[in-house]
Structures are given as C-alpha cells and as structure tokens.
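For reference, model_1.txt (compact mmCIF, C-alpha atoms and all ligand atoms):
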```txt
# COMPACT_ATOMS: atom_id res chain seq x y z
CA MET A 1 125.73 100.83 26.58
CA THR A 2 125.16 104.48 25.88
CA ARG A 3 128.28 106.56 25.79
CA ALA A 4 128.35 109.14 28.55
CA GLY A 5 125.38 111.32 27.75
CA GLY A 6 125.46 109.87 24.25
CA ASP A 7 122.42 109.98 22.03
CA GLY A 8 124.32 108.49 19.10
CA SER A 9 124.44 111.76 17.16
CA GLY A 10 127.48 110.64 15.19
CA ALA A 11 125.83 107.45 13.98
CA ARG A 12 122.53 109.30 13.39
CA GLY A 13 124.40 111.82 11.26
CA GLY A 14 125.67 108.92 9.15
CA VAL A 15 122.08 107.81 8.54
CA ALA A 16 121.12 111.37 7.63
CA ARG A 17 123.92 111.61 5.07
CA CYS A 18 123.67 108.20 3.45
CA GLU A 19 122.14 107.91 0.02
CA ARG A 20 120.56 104.49 0.36
CA LEU A 21 118.10 103.54 3.08
CA VAL A 22 116.26 100.34 3.85
CA VAL A 23 112.97 100.90 5.67
CA LYS A 24 111.52 97.87 7.46
CA ILE A 25 107.87 98.03 8.40
CA GLY A 26 106.39 95.58 10.89
CA SER A 27 103.06 93.79 10.56
CA ALA A 28 101.72 95.63 13.60
CA VAL A 29 102.34 98.93 11.80
CA VAL A 30 100.56 98.26 8.50
CA THR A 31 97.75 96.04 9.79
CA ASP A 32 95.39 95.97 12.73
CA GLY A 33 96.26 92.33 13.25
CA THR A 34 93.86 90.71 10.81
CA SER A 35 93.41 93.25 8.03
CA LEU A 36 95.43 95.83 6.17
CA ASP A 37 95.50 99.42 7.33
CA ALA A 38 95.78 101.29 4.03
CA ALA A 39 95.92 104.66 5.80
CA HIS A 40 99.14 103.67 7.55
CA VAL A 41 100.63 102.39 4.31
CA GLY A 42 99.68 105.71 2.71
CA ARG A 43 101.26 107.77 5.48
CA ILE A 44 104.56 105.88 5.27
CA ALA A 45 104.53 105.98 1.45
CA GLY A 46 104.19 109.76 1.77
CA GLU A 47 107.32 109.94 3.92
CA VAL A 48 109.20 107.64 1.54
CA ALA A 49 108.21 109.87 -1.38
CA VAL A 50 109.65 112.95 0.34
CA LEU A 51 112.96 111.11 0.89
CA ILE A 52 113.10 110.05 -2.74
CA LYS A 53 112.34 113.56 -3.97
CA ALA A 54 115.26 114.72 -1.82
CA GLY A 55 117.50 112.44 -3.89
CA ARG A 56 117.66 109.38 -1.68
CA GLN A 57 117.09 105.77 -2.66
CA VAL A 58 114.74 103.68 -0.54
CA VAL A 59 114.11 99.95 -0.36
CA ILE A 60 111.00 99.01 1.63
CA VAL A 61 110.85 95.70 3.46
CA SER A 62 107.19 95.32 4.33
CA SER A 63 105.72 92.67 6.59
CA GLY A 64 102.00 92.20 6.91
CA ALA A 65 101.17 89.64 4.23
CA VAL A 66 99.90 87.01 6.67
CA ALA A 67 97.98 89.50 8.81
CA SER A 68 96.45 91.22 5.75
CA GLY A 69 95.20 87.89 4.45
CA CYS A 70 93.34 86.85 7.60
CA GLU A 71 90.11 88.64 6.80
CA GLY A 72 89.90 87.16 3.32
CA MET A 73 90.59 83.73 4.79
CA GLY A 74 87.68 84.18 7.19
CA LEU A 75 90.02 84.12 10.21
CA LYS A 76 89.51 86.26 13.30
CA THR A 77 93.04 85.76 14.62
CA MET A 78 96.47 85.11 13.13
CA PRO A 79 96.64 81.43 12.11
CA ARG A 80 99.13 79.15 13.82
CA LYS A 81 99.23 76.30 11.32
CA ILE A 82 101.94 76.73 8.71
CA ALA A 83 99.69 75.86 5.77
CA GLU A 84 97.11 78.43 6.89
CA ARG A 85 99.78 81.09 7.37
CA GLN A 86 101.08 80.38 3.88
CA ALA A 87 97.59 80.55 2.41
CA ALA A 88 96.92 83.79 4.31
CA ALA A 89 100.19 85.20 2.98
CA ALA A 90 99.09 84.35 -0.56
CA VAL A 91 95.85 86.27 -0.01
CA GLY A 92 97.49 89.11 1.87
CA GLN A 93 100.63 89.71 -0.18
CA SER A 94 98.62 90.87 -3.20
CA LEU A 95 96.52 93.17 -1.00
CA LEU A 96 99.68 94.51 0.61
CA MET A 97 101.27 95.18 -2.78
CA ARG A 98 98.14 96.84 -4.10
CA ALA A 99 98.13 99.17 -1.11
CA TRP A 100 101.82 100.04 -1.55
CA SER A 101 101.55 100.45 -5.33
CA SER A 102 98.54 102.73 -5.20
CA ALA A 103 99.95 104.77 -2.29
CA LEU A 104 103.20 105.25 -4.22
CA ALA A 105 101.37 105.94 -7.47
CA ARG A 106 99.52 108.82 -5.78
CA ARG A 107 103.03 110.29 -5.29
CA LYS A 108 104.02 109.51 -8.89
CA LEU A 109 106.24 106.65 -7.84
CA VAL A 110 106.34 103.06 -9.00
CA GLY A 111 106.62 100.15 -6.57
CA ALA A 112 108.00 96.72 -7.43
CA GLN A 113 107.37 93.49 -5.58
CA VAL A 114 110.50 91.50 -4.71
CA LEU A 115 109.86 88.25 -2.84
CA LEU A 116 112.90 86.53 -1.41
CA THR A 117 113.60 83.29 0.44
CA ASP A 118 116.59 82.15 2.41
CA ASP A 119 117.83 80.37 -0.70
CA ASP A 120 118.26 83.71 -2.45
CA MET A 121 120.62 84.81 0.32
CA HIS A 122 122.29 81.44 0.52
CA ASP A 123 123.28 80.76 -3.04
CA ARG A 124 125.82 83.24 -4.34
CA ALA A 125 124.45 83.19 -7.88
CA ARG A 126 120.90 83.93 -6.68
CA PHE A 127 122.22 86.52 -4.24
CA LEU A 128 123.99 88.34 -7.06
CA ASN A 129 120.90 88.05 -9.22
CA ALA A 130 118.69 89.55 -6.51
CA ARG A 131 121.23 92.33 -6.13
CA ARG A 132 121.16 93.07 -9.86
CA THR A 133 117.37 93.25 -9.81
CA LEU A 134 117.36 95.65 -6.87
CA GLU A 135 120.10 97.79 -8.42
CA THR A 136 118.20 97.99 -11.72
CA LEU A 137 115.00 99.05 -9.95
CA LEU A 138 116.78 101.67 -7.84
CA ALA A 139 118.60 103.05 -10.88
CA ARG A 140 115.20 103.69 -12.46
CA GLY A 141 113.81 105.39 -9.40
CA ILE A 142 111.47 102.48 -8.65
CA VAL A 143 110.78 101.54 -5.03
CA PRO A 144 111.43 97.85 -4.31
CA ILE A 145 108.93 96.42 -1.81
CA VAL A 146 110.57 93.33 -0.37
CA ASN A 147 108.98 90.54 1.65
CA GLU A 148 109.74 86.94 2.30
CA ASN A 149 108.08 84.62 -0.20
CA ASP A 150 105.90 83.25 2.59
CA SER A 151 103.54 81.12 0.55
CA VAL A 152 106.34 78.92 -0.79
CA ALA A 153 108.96 79.19 1.95
CA PHE A 154 108.56 76.20 4.23
CA ASP A 155 110.53 75.93 7.44
CA GLU A 156 113.76 74.64 5.95
CA ILE A 157 114.19 77.54 3.60
CA LYS A 158 112.52 80.21 5.69
CA LEU A 159 114.35 83.26 6.85
CA GLY A 160 111.76 83.43 9.60
CA ASP A 161 111.36 87.07 10.25
CA ASN A 162 111.61 90.25 8.28
CA ASP A 163 113.95 91.88 10.79
CA ARG A 164 116.69 89.53 9.66
CA LEU A 165 115.56 89.83 6.04
CA SER A 166 115.88 93.63 6.20
CA ALA A 167 119.43 93.36 7.57
CA LEU A 168 120.36 91.00 4.76
CA VAL A 169 118.81 93.38 2.23
CA CYS A 170 121.08 96.11 3.64
CA GLY A 171 124.00 93.89 2.69
CA LEU A 172 122.49 93.23 -0.74
CA VAL A 173 122.20 96.90 -1.65
CA GLY A 174 124.96 98.39 0.52
CA ALA A 175 122.56 100.61 2.48
CA GLY A 176 124.01 103.20 4.84
CA GLY A 177 120.95 103.18 7.09
CA LEU A 178 118.21 100.81 8.18
CA VAL A 179 115.12 102.38 9.74
CA MET A 180 112.92 99.85 11.50
CA LEU A 181 109.34 101.00 12.05
CA SER A 182 107.97 98.78 14.75
CA SER A 183 105.28 98.64 17.40
CA ALA A 184 107.95 99.51 19.99
CA PRO A 185 109.28 103.08 20.22
CA GLY A 186 112.83 101.80 20.65
CA LEU A 187 114.79 99.57 22.98
CA MET A 188 113.41 100.13 26.47
CA ASP A 189 115.35 100.17 29.72
CA LYS A 190 112.52 100.06 32.27
CA ARG A 191 110.33 102.92 30.97
CA ARG A 192 113.03 104.89 29.24
CA ILE A 193 114.03 104.57 25.59
CA VAL A 194 117.73 103.75 25.25
CA PRO A 195 118.88 106.42 22.76
CA CYS A 196 122.04 104.70 21.60
CA VAL A 197 123.37 101.14 21.73
CA THR A 198 127.08 100.57 21.28
CA ASP A 199 127.26 97.23 23.05
CA ILE A 200 124.87 94.63 21.66
CA GLU A 201 125.37 92.19 24.54
CA ALA A 202 124.37 94.81 27.09
CA ALA A 203 121.32 95.54 24.94
CA ARG A 204 120.38 91.85 24.90
CA ALA A 205 120.31 91.82 28.67
CA LEU A 206 117.39 94.27 28.53
CA VAL A 207 115.24 92.11 26.30
CA ARG A 208 112.37 90.08 27.62
CA PRO A 209 111.08 87.25 25.47
CA GLY A 210 107.83 87.78 23.58
CA THR A 211 106.62 89.77 20.60
CA SER A 212 103.93 92.31 19.86
CA GLY A 213 101.61 89.44 18.96
CA VAL A 214 101.15 90.29 15.29
CA GLY A 215 104.64 90.20 13.80
CA THR A 216 107.02 87.29 13.90
CA GLY A 217 110.07 88.92 15.41
CA GLY A 218 110.43 90.49 18.82
CA MET A 219 113.06 92.81 20.26
CA GLY A 220 115.56 89.93 20.19
CA THR A 221 115.35 89.59 16.42
CA LYS A 222 115.63 93.38 16.08
CA LEU A 223 118.90 93.34 17.97
CA GLU A 224 120.14 90.47 15.85
CA ALA A 225 119.18 92.40 12.73
CA ALA A 226 120.94 95.55 13.99
CA GLN A 227 124.05 93.50 14.59
CA ILE A 228 124.01 91.88 11.14
CA ALA A 229 123.31 95.26 9.54
CA GLY A 230 126.25 96.69 11.49
CA GLU A 231 128.53 94.05 10.05
CA HIS A 232 127.44 95.19 6.62
CA GLY A 233 128.38 98.75 7.57
CA THR A 234 124.74 99.80 8.01
CA THR A 235 123.54 101.84 11.00
CA THR A 236 120.12 100.83 12.33
CA VAL A 237 117.56 103.14 13.91
CA LEU A 238 114.57 101.57 15.67
CA VAL A 239 111.53 103.84 15.97
CA SER A 240 107.80 103.60 16.52
CA GLY A 241 105.90 103.05 13.31
CA HIS A 242 102.82 104.62 14.86
CA GLU A 243 104.49 107.94 15.51
CA GLN A 244 103.84 110.67 12.96
CA ASP A 245 106.96 111.45 10.88
CA ALA A 246 109.12 108.90 12.72
CA LEU A 247 110.73 107.76 9.47
CA THR A 248 111.37 111.33 8.30
CA ARG A 249 112.93 112.26 11.60
CA ALA A 250 115.11 109.15 11.79
CA ALA A 251 116.25 109.67 8.20
CA ARG A 252 117.14 113.26 9.06
CA GLY A 253 119.32 112.12 11.96
CA GLU A 254 117.10 113.55 14.70
CA VAL A 255 117.26 111.95 18.13
CA ILE A 256 114.32 109.56 18.05
CA GLY A 257 114.05 105.90 19.08
CA THR A 258 117.21 103.86 19.47
CA VAL A 259 120.23 104.06 17.20
CA PHE A 260 122.58 101.07 17.02
CA ASP A 261 126.05 102.45 16.65
CA LEU A 262 127.64 99.18 15.58
CA ALA A 263 128.73 99.83 12.02
CA GLY A 264 132.48 99.75 12.35
CA ARG A 265 134.72 101.14 9.65
CA ALA A 266 135.63 97.61 8.62
CA GLY A 267 131.99 96.95 7.88
CA ARG A 268 132.26 99.11 4.80
CA ASN A 269 134.92 96.88 3.46
CA GLN A 270 133.51 94.84 0.61
CA ARG A 271 135.35 91.72 1.63
CA ALA A 272 134.05 91.98 5.19
CA ALA A 273 130.52 92.25 3.83
CA ARG A 274 131.02 89.17 1.69
CA LYS A 275 132.36 87.18 4.62
CA SER A 276 129.54 88.35 6.82
CA TRP A 277 127.14 87.10 4.16
CA ILE A 278 128.81 83.69 4.20
CA ARG A 279 128.67 83.56 7.98
CA HIS A 280 125.08 84.74 8.47
CA ALA A 281 123.02 84.14 5.37
CA ALA A 282 124.32 80.78 4.57
CA ARG A 283 123.79 77.26 5.72
CA GLY A 284 126.32 74.73 4.46
CA ARG A 285 124.72 72.65 1.69
CA GLY A 286 127.43 70.04 1.61
CA ARG A 287 130.94 69.65 2.79
CA VAL A 288 134.47 68.91 1.76
CA VAL A 289 136.85 66.95 3.95
CA VAL A 290 140.42 68.21 3.83
CA ASP A 291 143.70 66.63 4.92
CA ASP A 292 145.74 67.83 7.90
CA GLY A 293 148.08 69.95 5.78
CA ALA A 294 145.25 71.82 4.13
CA ALA A 295 143.45 72.24 7.47
CA ARG A 296 146.57 73.87 8.89
CA ALA A 297 147.06 76.10 5.85
CA LEU A 298 143.45 77.30 6.07
CA THR A 299 143.26 77.92 9.79
CA ALA A 300 146.79 79.18 10.43
CA ARG A 301 147.55 81.07 7.22
CA GLY A 302 144.14 81.87 5.81
CA ALA A 303 145.10 80.13 2.58
CA SER A 304 142.76 79.16 -0.24
CA LEU A 305 141.59 75.56 -0.42
CA LEU A 306 143.20 73.81 -3.40
CA PRO A 307 142.08 70.47 -4.89
CA LYS A 308 145.25 68.83 -3.60
CA GLY A 309 144.13 69.16 0.03
CA VAL A 310 140.64 67.72 -0.51
CA VAL A 311 140.17 64.09 0.46
CA GLY A 312 136.41 63.81 0.26
CA VAL A 313 133.20 65.57 -0.73
CA GLU A 314 129.76 65.03 0.79
CA GLY A 315 126.36 66.16 -0.40
CA SER A 316 125.33 67.39 -3.80
CA PHE A 317 125.83 71.07 -4.53
CA ALA A 318 126.37 73.43 -7.41
CA MET A 319 129.23 75.82 -8.02
CA GLY A 320 128.58 78.94 -5.94
CA ALA A 321 126.92 77.04 -3.08
CA VAL A 322 128.02 77.65 0.47
CA ILE A 323 129.70 74.56 1.87
CA ASP A 324 131.38 73.56 5.10
CA VAL A 325 135.01 72.57 5.33
CA VAL A 326 135.83 69.83 7.82
CA ASP A 327 139.17 68.41 8.96
CA PRO A 328 139.98 64.68 8.92
CA HIS A 329 138.40 64.34 12.38
CA GLY A 330 135.09 65.72 11.17
CA THR A 331 135.45 69.06 12.95
CA ARG A 332 134.14 72.02 10.98
CA ILE A 333 136.95 74.49 10.45
CA GLY A 334 135.42 76.80 7.90
CA ARG A 335 132.65 77.67 5.53
CA GLY A 336 132.96 79.06 2.04
CA ILE A 337 131.68 79.39 -1.50
CA ALA A 338 132.42 76.40 -3.70
CA GLY A 339 134.43 77.20 -6.82
CA TYR A 340 133.28 73.90 -8.36
CA ALA A 341 130.21 71.66 -8.08
CA SER A 342 130.36 68.59 -5.83
CA ASP A 343 130.76 66.10 -8.69
CA GLU A 344 133.59 68.17 -10.14
CA ILE A 345 135.35 68.39 -6.77
CA ASP A 346 135.05 64.63 -6.47
CA LYS A 347 136.94 64.27 -9.76
CA ILE A 348 139.70 66.78 -9.03
CA ARG A 349 140.31 66.03 -5.35
CA GLY A 350 143.95 65.26 -4.67
CA CYS A 351 145.01 66.79 -8.01
CA LYS A 352 147.48 69.58 -8.54
CA THR A 353 145.89 72.79 -9.83
CA THR A 354 147.70 72.30 -13.15
CA GLU A 355 145.84 69.01 -13.60
CA ILE A 356 142.30 70.42 -13.29
CA ARG A 357 141.96 71.14 -16.99
CA ARG A 358 143.16 67.70 -18.01
CA VAL A 359 140.77 65.95 -15.60
CA LEU A 360 137.64 68.03 -16.23
CA GLY A 361 138.37 69.28 -19.73
CA TYR A 362 138.05 72.87 -18.42
CA ALA A 363 139.06 74.91 -15.37
CA TYR A 364 137.08 77.76 -13.83
CA CYS A 365 139.73 78.60 -11.27
CA ASP A 366 142.62 77.06 -9.32
CA GLU A 367 140.82 76.91 -5.97
CA VAL A 368 138.07 74.71 -4.60
CA ILE A 369 137.37 77.67 -2.28
CA HIS A 370 139.17 80.98 -2.77
CA ARG A 371 140.48 82.60 0.42
CA ASN A 372 138.27 85.66 -0.18
CA ASP A 373 135.24 83.36 -0.16
CA LEU A 374 136.27 81.47 2.95
CA VAL A 375 135.43 82.13 6.58
CA VAL A 376 137.52 80.21 9.10
CA THR A 377 135.24 79.14 11.93
CA LYS A 378 137.85 77.37 14.03
CA LYS A 379 141.32 78.83 14.43
CA GLU A 380 144.18 76.38 14.73
CA SER A 381 145.11 76.02 18.37
CA GLY A 382 148.73 76.50 19.39
CA SER A 383 149.85 78.17 16.17
N1 LIG A 401 106.71 87.90 6.06
C1 LIG A 401 105.71 87.98 7.05
C2 LIG A 401 104.49 88.71 6.53
O1 LIG A 401 104.59 89.50 5.63
C3 LIG A 401 106.14 88.72 8.29
C4 LIG A 401 107.36 88.21 8.95
C5 LIG A 401 107.68 89.10 10.18
O2 LIG A 401 106.75 89.61 10.82
O3 LIG A 401 108.85 89.28 10.47
O4 LIG A 401 103.41 88.52 7.01
```
Write-out of the structure in structure tokens:
Amino acid sequence: MTRAGGDGSGARGGVARCERLVVKIGSAVVTDGTSLDAAHVGRIAGEVAVLIKAGRQVVIVSSGAVASGCEGMGLKTMPRKIAERQAAAAVGQSLLMRAWSSALARRKLVGAQVLLTDDDMHDRARFLNARRTLETLLARGIVPIVNENDSVAFDEIKLGDNDRLSALVCGLVGAGGLVMLSSAPGLMDKRRIVPCVTDIEAARALVRPGTSGVGTGGMGTKLEAAQIAGEHGTTTVLVSGHEQDALTRAARGEVIGTVFDLAGRAGRNQRAARKSWIRHAARGRGRVVVDDGAARALTARGASLLPKGVVGVEGSFAMGAVIDVVDPHGTRIGRGIAGYASDEIDKIRGCKTTEIRRVLGYAYCDEVIHRNDLVVTKKESGS
C-alpha cells in the first residue's frame, strides 16, 4: 500500500500548498470522555490561528458535544440511549462552542457555529445553501466550527460520525486537505505507522473493529472518510491529536501520521465532485420508473432522463431532491437530482419536452434528471 519507500511526500506537498483546509477533531482529543478539555481546544485553536495568519482558510469540524455534556447531565460515562445522547449534545454543544469561540477570540479570530444534518447534504438546495454560508464566513476570515446537529438528528437523518461529515464538508468547500486529529497516531500496521496509503482496500485489511471508546467512528470510518474526501479531490492526513504541533506539521507537509494519497486528478473535476455527492451523501427520497427505451438510453449512452421515458413516480419529493431511477422490472439503474417535484413529474410523464409548458403552465428545464445530475448505478449488460 505504500509505494516503494514512499512516505507520500507528493500528496503531503499538495496539502502544504492548498489554500483551504478542513481540520477534523475527535471527541477523544477535546474531551477527557465526560467533560471538555479547554486546554486542548486552546492549543489547537492556536495552531489554526497560525495557519490563518499565513493566509490559509480553515474549517473546523469538531466532535465532542455529547462527551462535553455528560458532566452537566450528571453522567459518569457516555450515555447509550439516543435521547440521553441528544440531551447531552444539547448541553455540550454550547460548552464546546464557547470554548472554541473564546480560544479563537484570544487570537483575534471569530468562530461561527454551523450545525448540519444528513438532510443538508442530501437535498441539493440545502447543500448549496450550506455552501454559501460557509463561503461567506470564509470570505470574512471567520472560522466555521461544524458539527452534526446531534440534538435533532435522529437515526434516519443522522450522518452518524464526524469522520464522514468532515469528508462531506471537504466537498462542500472544495478543500485541498483534510487533517484528522484523532486518538490514533495514524493507520497502524502492527506497531508501525503506515506513512502513506495508496490502496484503500489494502488499508481496510489492517483495521480491527472497535473505536477509542469516546468518539463514534473508528479507523474504519476514517478510511471511508479518506476515500470520500479523495473523490472530492481532497488529500487526507491522519495524525494524533494529542501530539504537540501535529496539525501544524501535517499542514506544512511534514512526514507525520498517515497520508491517504487517493485524490486523483479527476477528483478536482467539478462534475466528478457533484456525482460523488449524489452517490455518497444522498439517499433516494422517491423514485421514477422509466420504460425500457429510457433505461437503455441512460445506462448505455449516459443520456438525460426526459419526461417521455417516465412511466411512473413513487414517493413525494421536491425539485432538487435525490431520487432513484428504476427500470420496468424494478431494478435500480441510477440515482440523480430531480429537475421537477414528484407531483409535477406525475403530470408530465410520457410527454414530449415541448409539451411541458402547456401541461404545467411553466417549464424549469427539459429534463426530469439532467445527465450531469445523474449517476448510473447499473450499466447495461451486453451493450
Ligand atoms: N457529533 C458528535 C459529538 O459532537 C460526535 C460524532 C463522532 O464522534 O463522530 O459529540
């Protein structure tokens, strides 16, 4: 998995040169398990401030809301019950933000709380809105502090872990580098840190199940995050959050922890990033059934889905929602962003594109799903 003698210097250099960094901080780094460790927050804020003064833009993804809230909840260990975790997050998130804001303020920086749920990644309109918010903050030199909106995100709409969230945030802001500060010093192969991963499957073979006990994710979710980040064109470096200056050194491109050299050139392509978002961030909210001709056109030619090829629509969704495309046999062949809401698609199905305006009284676009917004999940066999 490491290139001969490779320490990933090339990929590390990319992280050192990129303007925008996402820094993900695990619960085990900013808490002692049941209460906030303000000194650690302060130390990392100091490193972030140095990066910003050097002209870089930093988005922080900070875990630790649940753990920080335990003390206030009168709990001696991390709660298991969902309702208690959510309540602890409500207590802890404000403590966490206060610690970040005051640590940044001591360095003359302003922090901003951005709480996201899976829905914000799932719905294109909300995704774009979150992106605008982050862009506006960064343009003003403000440091976004992102976390999952734990106290409202129940299982169905939960991203689950901040490793994945941080990778999705990389896609949101087009970050060149993701530095993950975790309780582990990197990916371990027996007792040695693997300096560079180029093959994610080989890396997975080294992972044993289990987590540090405080955070939600384990090494498995870190690898998944590195892979998703790579698809967005972001290089991930995993380092120990307990090591002095680990962030500074990773951001400088020094050989520390594990670098995931997975960000192919194609990952920088905007369209690839958009398709990766559809594939990873999105769960189909509804579906359209297409006829055989349309199924062939989509899977064999990568065509757009036009109203003519739609024979049915299931579920209730808004324009901009991610929906599944199924063939007449019920097999999912693709997933994409709906150009129209479900009730509109129901009215225009079977119509020619020139008839949309007559039927609806308006027309946003010719396609039910534009080819640029469509990911084919099943290629046509034998074509
Ligand atoms: N959002 C959770 C928290 O702040 C952490 C999730 C995770 O550890 O990945 O407590």
For this session: Write out as number ranges by chain each polymer residue (protein, DNA or RNA) that has an atom no more than 9 Å from ligand LIG 401 (chain A), with all atoms listed in the file counted.
Result: A: 25-28, 62-69, 85, 88-89, 92-93, 96, 147-150, 159-165, 214-218, 221
Problem set entry | Near-Arg249 of chain A list (12 Å; only C-alpha atoms; drop same-chain fewer than 5 positions) as a list in words | Arg12, Gly13, Val15, Ala16, Glu47, Val48, Val50, Leu51, Val179, Leu181, Val237, Leu238, Val239, Ser240, Gly241, Glu243, Gln244, Glu254, Val255, Ile256 and Gly257 of chain A
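Take the candidates A:Ala11, A:Ala341, A:Val207, A:Ala303 and check each one against Gly233 of chain A using all atoms listed in the file; the shortest distance goes to A:Ala11.
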Exercise. Between atom CA of Gly176 of chain A and atom CA of His370 of chain A, what is the spacing in Å?
Worked result: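 We find that atom CA of His370 of chain A and atom CA of Gly176 of chain A lie 28.0 Å from each other.
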Is it possible to get the axis-aligned box enclosing segment 307-326 of chain A (all listed atoms, 3 Å extra per side) as JSON, with centre and edge lengths in Å rounded to one decimal?
```
{"center_x": 135.3, "center_y": 71.4, "center_z": -0.1, "size_x": 25.9, "size_y": 21.1, "size_z": 21.8}
```
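Proximity of A:Val310, A:Val29, A:Val22, A:Val173 to Ala139 of chain A, computed with all atoms listed in the file, is greatest for A:Val173.
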Problem set entry | Within 9 Å of segment 128-133 of chain A using only C-alpha atoms, minus same-chain residues under 2 positions, as a PyMOL selection string | chain A and resi 114+116+120-121+123-126+135-138+169+172-173
Since we have the selection now, will you write its residues out, keeping C-alpha atoms, as a compact mmCIF listing (two decimals), keeping the file's coordinate frame?
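Result file follows (selection15.txt):
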```txt
# COMPACT_ATOMS: atom_id res chain seq x y z
CA VAL A 114 110.50 91.50 -4.71
CA LEU A 116 112.90 86.53 -1.41
CA ASP A 120 118.26 83.71 -2.45
CA MET A 121 120.62 84.81 0.32
CA ASP A 123 123.28 80.76 -3.04
CA ARG A 124 125.82 83.24 -4.34
CA ALA A 125 124.45 83.19 -7.88
CA ARG A 126 120.90 83.93 -6.68
CA GLU A 135 120.10 97.79 -8.42
CA THR A 136 118.20 97.99 -11.72
CA LEU A 137 115.00 99.05 -9.95
CA LEU A 138 116.78 101.67 -7.84
CA VAL A 169 118.81 93.38 2.23
CA LEU A 172 122.49 93.23 -0.74
CA VAL A 173 122.20 96.90 -1.65
```
For this session: Rounded to one decimal place, report the atom CA of Glu71 of chain A-atom CA of Met180 of chain A distance in Å.
Result: 25.8 Å
For this session: Tell me, in Å to one decimal, how far atom CA of Pro185 of chain A is from atom CA of Ser101 of chain A.
Result: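 Computing it gives 26.8 Å between the two atoms.
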For this session: Find the residues near Gln86 of chain A: any atom within 7 Å, counting all atoms listed in the file, skip ones fewer than 4 places away on the same chain, and give them as number ranges by chain.
Result: A: 82, 90, 150-151
